[in-house]
There are 2 protein chains.
Amino acid sequence: MAVIQYLSRILFDFGAISTLGDEIAGLGLKLPLLITDRGIASAGILDRALDASKPCRPVVYDGTTENPTEQSLLECLDIWFERGCDGVIALGGGSPIDLAKAVALLTSHGGKLADFNVKTGGSARIGKVSPQIAVPTAAGTGAEVGRACVMSLLDGTKCVAVNLNMVADVVICDPELTLSLPPRLTAATGIDALSHGIETTMSPWINPPAGAIALDCVARAAKWLPVAVNDGSNRQARWEMMMAALEGGMCLQKALGGAHAMATPLGELHLHHGTLIGVLLPHILRFNRDHAVESIDLIRSAASIPEGIETHDWMHEFVAGIGLPVTLGKLGVDRSLLQGIAEKASKDHLSATNPRPATAEDYFGILQAAI
Amino acid sequence: MAVIQYLSRILFDFGAISTLGDEIAGLGLKLPLLITDRGIASAGILDRALDASKPCRPVVYDGTTENPTEQSLLECLDIWFERGCDGVIALGGGSPIDLAKAVALLTSHGGKLADFNVKTGGSARIGKVSPQIAVPTAAGTGAEVGRACVMSLLDGTKCVAVNLNMVADVVICDPELTLSLPPRLTAATGIDALSHGIETTMSPWINPPAGAIALDCVARAAKWLPVAVNDGSNRQARWEMMMAALEGGMCLQKALGGAHAMATPLGELHLHHGTLIGVLLPHILRFNRDHAVESIDLIRSAASIPEGIETHDWMHEFVAGIGLPVTLGKLGVDRSLLQGIAEKASKDHLSATNPRPATAEDYFGILQAAI
């Protein structure tokens, strides 16, 4: 049975950040907690957001780490209750957005994040959370329209909480905020957006609206990511990539596949998610080749891949062409880890929606080819 | 600024109606009011829905008229309060779905429907309404994912109430329920679905996710509507058309255009909406031809229109080919009414999103060509 669901109110345009004050007022917030990181603050983006928040003066937390931690969550909760906050604004990439979701969850529900772990069935208990506004500052994860938060707990384990009630009430996408993103980060985040379009297109789940959005994401990212990497000041390229990232996030309900199944355990090595995805995408396309013929044809057509070039070869060239590494070795992954990663990948829930069933042995083979 | 918003949880498959009992329970409903019409009841579809509702036993209202009226609304409210209902189930086409929205609105907000008229700004006051499940029995309007209800008030005027809070909580799309729809009604409802894809594609509003869904709707309806009309028992055609209708409803946020602007005043003559749309579509495509070149190219490609055939000529043949009338005269529209209809069309809010600005004079010319 197809289950199809879309949420969120999204304001998208150059200068959209200027609506922040109105949206804060629209949600009835008096003192939101703005969650960001020091990179965003030092790039001047935080100041622009604070300026746009007027007359409201949000409380700022800028201690978000690259992979958000329960420690940051506890710090945010302390600030929230001490200052009497009433909503969250996430400003940044996937990390501040995930952290903000956890804050919205615990300030409305109480308890600890582990109580809401999807693995123990806790996520099903999540009701309406505190008001949230998400403002992405990169074009990649699509987390701004996401329903999940992923966090490292104090005991070192990862916790995923996921429920539609955690989707942000308002999303403000302003491509202007991405103009200063350096080429390497533009590439590493943008390839993640493209991968969402590619993997959801290959997924066997039936969701034609998501499928249509996924192909539009593929077409947009394949055309504009190289432009955005080569010329970060190209406004159209920034607009198109932010739209591709948003579409990538919107189509995720059609489910991902093997590249993301491998990226989850590889991510535990503290490697950049998008960079990992760039390495893995050509290999999963090769692995799926004869098991997703129709959907790979759709991808080829959307990405305008010339006839006579294999899809995985095109993908390899694309990743190299935007300056990203194309082997796990380049990322410092040690061969001795591959067997363990392959086993974890085969058990990851995203592996179940790869169009070609993949065993630990299959993943081991893919990882060996990718190192 | 692009504003993009998607809602609703949609269960879509042959046999999906069997989930009705679980979904009633999932919303915590003890005694929903099931709103339908006598045609649905006599076709045996009501019995199937009641059977699927078990162990719940909804209260039934089957007095919905073709264009829902405030009289029906008052009858439903009487039943709701007398029996102590706690939610609505709409079973049918656009009329029961619209009526159910009005019931959900007034049982949660009190007052009269006119208090929430979009024309007087009343719709902005609409908050969360009573729980709603929508079960479409035709593949056409896409009202099942709609946010508006249109109703004739007791004083004879039309009232439109529209707010995202009126979107149904759960939508159950079961193509099985459409297998018995006769060819003429299959054609007249299906052409409405196709028109949603076509007009939203031509609309100048920026909403790429809706645009992608609209083109998928066009491709699907152009391919499968003739099949569903010629062989109503073709299960795939019924599935594809129900999906096209759903997609047509989902993309409406990108806005419609001139065909629907004319269909609104023509609808006041109590003519079937889809049949009217079928007559008007070729004419609006001709009118827009040089003002929506890029989007009409996308439509041509999605609908696989052969080169060398003008889009409006193809559309005319398509409408005739599924057995629908191609002139307003055939529907009994009198020439003397055209000037008044043209004036109303030019003032309709949907005219503002036609890609080519259209005056009353323009509409008069189009209507004269269409009669």
# chains A, B, ... in the order shown; residues from 1 in each chain; ligands from 1

$ residues_around --residues "segment 38-43 of chain B" --least-positions-apart "4" --cutoff "7 Å" --atoms "only C-alpha atoms" --output "short mmCIF file (atom, residue, chain, number, x, y, z; two decimals) with C-alpha atoms, in the first residue's frame"
data_model
loop_
_atom_site.label_atom_id
_atom_site.label_comp_id
_atom_site.auth_asym_id
_atom_site.auth_seq_id
_atom_site.Cartn_x
_atom_site.Cartn_y
_atom_site.Cartn_z
CA ASP B 62 -26.82 10.26 2.27
CA GLY B 63 -28.64 13.46 1.27
CA GLY B 92 -18.02 10.20 -2.77
#

$ residues_around --residues "Tyr61 of chain A" --least-positions-apart "2" --cutoff "9 Å" --atoms "only C-alpha atoms" --output "ChimeraX atom specification"
/A:33-37,59,63-64,75-76,79

$ closest_atom_pairs --of "chain B" --to "chain A" --cutoff "10 Å" --atoms "only C-alpha atoms" --output "Markdown table"
| residue | atom | partner | partner_atom | distance |
| --- | --- | --- | --- | --- |
| B:Met1 | CA | A:Asp13 | CA | 5.3 |
| B:Ala2 | CA | A:Phe12 | CA | 5.0 |
| B:Val3 | CA | A:Leu11 | CA | 4.9 |
| B:Ile4 | CA | A:Ile10 | CA | 5.0 |
| B:Gln5 | CA | A:Arg9 | CA | 4.7 |
| B:Tyr6 | CA | A:Tyr6 | CA | 4.5 |
| B:Leu7 | CA | A:Tyr6 | CA | 4.8 |
| B:Ser8 | CA | A:Gln5 | CA | 5.7 |
| B:Arg9 | CA | A:Gln5 | CA | 4.8 |
| B:Ile10 | CA | A:Ile4 | CA | 5.0 |
| B:Leu11 | CA | A:Val3 | CA | 4.9 |
| B:Phe12 | CA | A:Ala2 | CA | 5.0 |
| B:Asp13 | CA | A:Met1 | CA | 5.3 |
| B:Phe14 | CA | A:Met1 | CA | 8.2 |
| B:Gly15 | CA | A:Met1 | CA | 9.0 |
| B:Ala16 | CA | A:Met1 | CA | 7.4 |
| B:Val170 | CA | A:Gln5 | CA | 9.7 |
| B:Val171 | CA | A:Ile4 | CA | 9.5 |
| B:Ile172 | CA | A:Val3 | CA | 9.7 |
| B:Cys173 | CA | A:Ala2 | CA | 9.6 |
| B:Ile206 | CA | A:Phe12 | CA | 9.4 |
| B:Asn207 | CA | A:Phe12 | CA | 9.2 |
| B:Pro208 | CA | A:Asp216 | CA | 7.7 |
| B:Pro209 | CA | A:Ile213 | CA | 5.4 |
| B:Ala210 | CA | A:Ile213 | CA | 8.1 |
| B:Gly211 | CA | A:Ile213 | CA | 8.5 |
| B:Ala212 | CA | A:Ala212 | CA | 5.3 |
| B:Ile213 | CA | A:Pro209 | CA | 5.4 |
| B:Ala214 | CA | A:Ala212 | CA | 8.8 |
| B:Leu215 | CA | A:Ala212 | CA | 8.1 |
| B:Asp216 | CA | A:Ala212 | CA | 6.3 |
| B:Cys217 | CA | A:Pro209 | CA | 8.9 |
| B:Glu240 | CA | A:Pro208 | CA | 10.0 |
| B:Met243 | CA | A:Pro208 | CA | 7.8 |
| B:Ala244 | CA | A:Pro208 | CA | 9.3 |
| B:Leu246 | CA | A:Pro209 | CA | 9.0 |
| B:Glu247 | CA | A:Pro209 | CA | 6.6 |
| B:Met250 | CA | A:Pro209 | CA | 8.4 |
| B:Cys251 | CA | A:Pro209 | CA | 9.4 |

$ write_last_selection --atoms "N, CA and C atoms" --output "tab-separated table (two decimals), in the first residue's frame"
chain	number	residue	atom	x	y	z
B	1	MET	N	7.69	35.52	-4.14
B	1	MET	CA	8.18	34.48	-3.23
B	1	MET	C	7.37	33.20	-3.42
B	2	ALA	N	8.05	32.09	-3.54
B	2	ALA	CA	7.36	30.81	-3.67
B	2	ALA	C	6.87	30.35	-2.30
B	3	VAL	N	5.61	29.97	-2.20
B	3	VAL	CA	5.07	29.38	-0.98
B	3	VAL	C	4.63	27.97	-1.34
B	4	ILE	N	5.20	27.00	-0.64
B	4	ILE	CA	5.02	25.59	-1.01
B	4	ILE	C	4.51	24.85	0.21
B	5	GLN	N	3.43	24.13	0.07
B	5	GLN	CA	2.89	23.47	1.25
B	5	GLN	C	2.13	22.21	0.87
B	6	TYR	N	2.44	21.11	1.54
B	6	TYR	CA	1.75	19.85	1.28
B	6	TYR	C	1.24	19.27	2.59
B	7	LEU	N	0.06	18.66	2.50
B	7	LEU	CA	-0.52	18.09	3.72
B	7	LEU	C	-1.10	16.70	3.44
B	8	SER	N	-1.74	16.13	4.42
B	8	SER	CA	-2.54	14.90	4.33
B	8	SER	C	-1.73	13.60	4.36
B	9	ARG	N	-2.34	12.65	5.04
B	9	ARG	CA	-1.81	11.29	5.03
B	9	ARG	C	-2.69	10.51	4.08
B	10	ILE	N	-2.09	9.89	3.06
B	10	ILE	CA	-2.85	9.27	1.98
B	10	ILE	C	-2.53	7.78	1.92
B	11	LEU	N	-3.57	6.95	1.98
B	11	LEU	CA	-3.39	5.51	1.82
B	11	LEU	C	-3.98	5.15	0.46
B	12	PHE	N	-3.17	4.56	-0.40
B	12	PHE	CA	-3.56	4.42	-1.81
B	12	PHE	C	-3.30	3.00	-2.27
B	13	ASP	N	-4.33	2.27	-2.61
B	13	ASP	CA	-4.15	0.94	-3.20
B	13	ASP	C	-5.50	0.30	-3.45
B	14	PHE	N	-5.52	-0.71	-4.30
B	14	PHE	CA	-6.71	-1.56	-4.40
B	14	PHE	C	-6.97	-2.16	-3.02
B	15	GLY	N	-8.17	-2.05	-2.57
B	15	GLY	CA	-8.51	-2.61	-1.26
B	15	GLY	C	-8.20	-1.71	-0.09
B	16	ALA	N	-7.73	-0.50	-0.35
B	16	ALA	CA	-7.35	0.42	0.74
B	16	ALA	C	-8.54	0.71	1.65
B	170	VAL	N	-6.92	12.12	7.04
B	170	VAL	CA	-6.60	10.86	6.37
B	170	VAL	C	-7.37	10.80	5.05
B	171	VAL	N	-6.69	10.34	4.00
B	171	VAL	CA	-7.33	10.17	2.70
B	171	VAL	C	-7.15	8.71	2.29
B	172	ILE	N	-8.24	8.05	1.97
B	172	ILE	CA	-8.15	6.65	1.55
B	172	ILE	C	-8.56	6.57	0.08
B	173	CYS	N	-7.60	6.26	-0.78
B	173	CYS	CA	-7.85	6.17	-2.22
B	173	CYS	C	-7.85	4.70	-2.63
B	206	ILE	N	5.69	30.03	-9.05
B	206	ILE	CA	6.89	29.19	-8.93
B	206	ILE	C	6.70	28.18	-7.81
B	207	ASN	N	6.63	26.93	-8.18
B	207	ASN	CA	6.46	25.85	-7.20
B	207	ASN	C	6.92	24.56	-7.86
B	208	PRO	N	8.24	24.36	-7.96
B	208	PRO	CA	8.76	23.20	-8.69
B	208	PRO	C	8.23	21.84	-8.21
B	209	PRO	N	8.07	21.61	-6.88
B	209	PRO	CA	7.51	20.30	-6.52
B	209	PRO	C	6.11	20.11	-7.10
B	210	ALA	N	5.27	21.16	-7.02
B	210	ALA	CA	3.93	21.05	-7.61
B	210	ALA	C	4.03	20.92	-9.13
B	211	GLY	N	4.99	21.61	-9.72
B	211	GLY	CA	5.18	21.51	-11.17
B	211	GLY	C	5.53	20.09	-11.60
B	212	ALA	N	6.39	19.45	-10.82
B	212	ALA	CA	6.79	18.07	-11.15
B	212	ALA	C	5.59	17.13	-11.02
B	213	ILE	N	4.81	17.33	-9.97
B	213	ILE	CA	3.63	16.48	-9.76
B	213	ILE	C	2.61	16.72	-10.87
B	214	ALA	N	2.47	17.99	-11.29
B	214	ALA	CA	1.51	18.34	-12.34
B	214	ALA	C	1.85	17.62	-13.65
B	215	LEU	N	3.13	17.60	-14.00
B	215	LEU	CA	3.52	16.94	-15.25
B	215	LEU	C	3.31	15.44	-15.17
B	216	ASP	N	3.53	14.87	-13.99
B	216	ASP	CA	3.27	13.44	-13.83
B	216	ASP	C	1.78	13.17	-13.98
B	217	CYS	N	0.97	14.08	-13.48
B	217	CYS	CA	-0.49	13.98	-13.64
B	217	CYS	C	-0.87	14.02	-15.12
B	240	GLU	N	-4.22	4.22	-12.26
B	240	GLU	CA	-3.48	5.36	-12.79
B	240	GLU	C	-4.34	6.63	-12.77
B	243	MET	N	-4.62	7.95	-9.31
B	243	MET	CA	-3.36	8.61	-8.96
B	243	MET	C	-3.26	9.98	-9.66
B	244	ALA	N	-3.67	10.02	-10.93
B	244	ALA	CA	-3.64	11.31	-11.66
B	244	ALA	C	-4.53	12.33	-10.96
B	246	LEU	N	-5.39	12.41	-7.79
B	246	LEU	CA	-4.73	12.78	-6.54
B	246	LEU	C	-3.60	13.79	-6.82
B	247	GLU	N	-2.80	13.49	-7.82
B	247	GLU	CA	-1.71	14.40	-8.19
B	247	GLU	C	-2.27	15.76	-8.65
B	250	MET	N	-3.02	17.60	-5.64
B	250	MET	CA	-1.82	18.01	-4.91
B	250	MET	C	-1.11	19.20	-5.55
B	251	CYS	N	-1.25	19.33	-6.87
B	251	CYS	CA	-0.51	20.40	-7.55
B	251	CYS	C	-1.31	21.70	-7.64

$ residues_around --residues "Leu328 of chain A" --least-positions-apart "2" --cutoff "12 Å" --atoms "only C-alpha atoms" --output "compact mmCIF listing (two decimals) with C-alpha atoms, in the first residue's frame"
# COMPACT_ATOMS: atom_id res chain seq x y z
CA MET A 262 26.58 2.17 3.86
CA ALA A 263 26.95 5.85 4.74
CA LEU A 266 30.76 4.89 7.73
CA GLY A 267 29.45 8.08 9.30
CA LEU A 269 33.99 7.27 11.68
CA LEU A 271 33.43 11.40 7.99
CA HIS A 272 31.39 14.04 6.15
CA THR A 275 31.52 13.31 0.80
CA LEU A 276 30.87 9.67 1.68
CA ILE A 277 27.74 9.64 -0.47
CA GLY A 278 29.73 10.99 -3.41
CA VAL A 279 32.15 8.07 -3.15
CA LEU A 280 29.39 5.47 -2.77
CA LEU A 281 26.87 6.63 -5.41
CA HIS A 283 29.15 1.96 -6.84
CA LEU A 324 35.24 15.50 -4.46
CA PRO A 325 37.28 12.38 -3.57
CA VAL A 326 36.16 9.21 -5.32
CA LYS A 330 41.18 9.15 0.22
CA LEU A 331 38.91 9.70 3.22
CA GLY A 332 41.26 7.66 5.39
CA VAL A 333 39.01 4.62 5.77
CA ASP A 334 41.03 1.55 6.73
CA ARG A 335 40.46 -1.73 4.86
CA LEU A 337 36.95 -1.84 8.93
CA LEU A 338 35.12 -2.78 5.75
CA ILE A 366 31.06 -2.78 -3.03
CA LEU A 367 33.18 -1.29 -0.24
CA GLN A 368 36.30 -3.09 -1.47
CA ALA A 369 35.73 -1.63 -4.92
CA ALA A 370 35.21 1.81 -3.40
CA ILE A 371 38.31 1.92 -1.22

$ residues_around --residues "segment 286-293 of chain B" --least-positions-apart "2" --cutoff "8 Å" --atoms "only C-alpha atoms" --output "list in words"
Met202, Pro282, His283, Ile284, Ser295, Ile296, Asp297, Thr311, His312, Pro355, Arg356 and Ile366 of chain B

$ select_by_dssp --residues "segment 68-106 of chain A" --states "strand (DSSP E or B)" --output "list in words"
Thr69, Val88, Ile89, Ala90, Leu91 and Gly92 of chain A

$ write_last_selection --atoms "C-alpha atoms" --output "compact mmCIF listing (two decimals), in the first residue's frame"
# COMPACT_ATOMS: atom_id res chain seq x y z
CA THR A 69 25.18 15.56 20.73
CA VAL A 88 12.98 27.12 18.31
CA ILE A 89 14.59 28.56 15.21
CA ALA A 90 17.17 26.31 13.54
CA LEU A 91 19.74 28.20 11.48
CA GLY A 92 22.33 26.12 9.65

$ residues_around --residues "Ala302 of chain A" --least-positions-apart "3" --cutoff "8 Å" --atoms "only C-alpha atoms" --output "PyMOL selection string"
chain A and resi 215-216+218-219+298-299+305
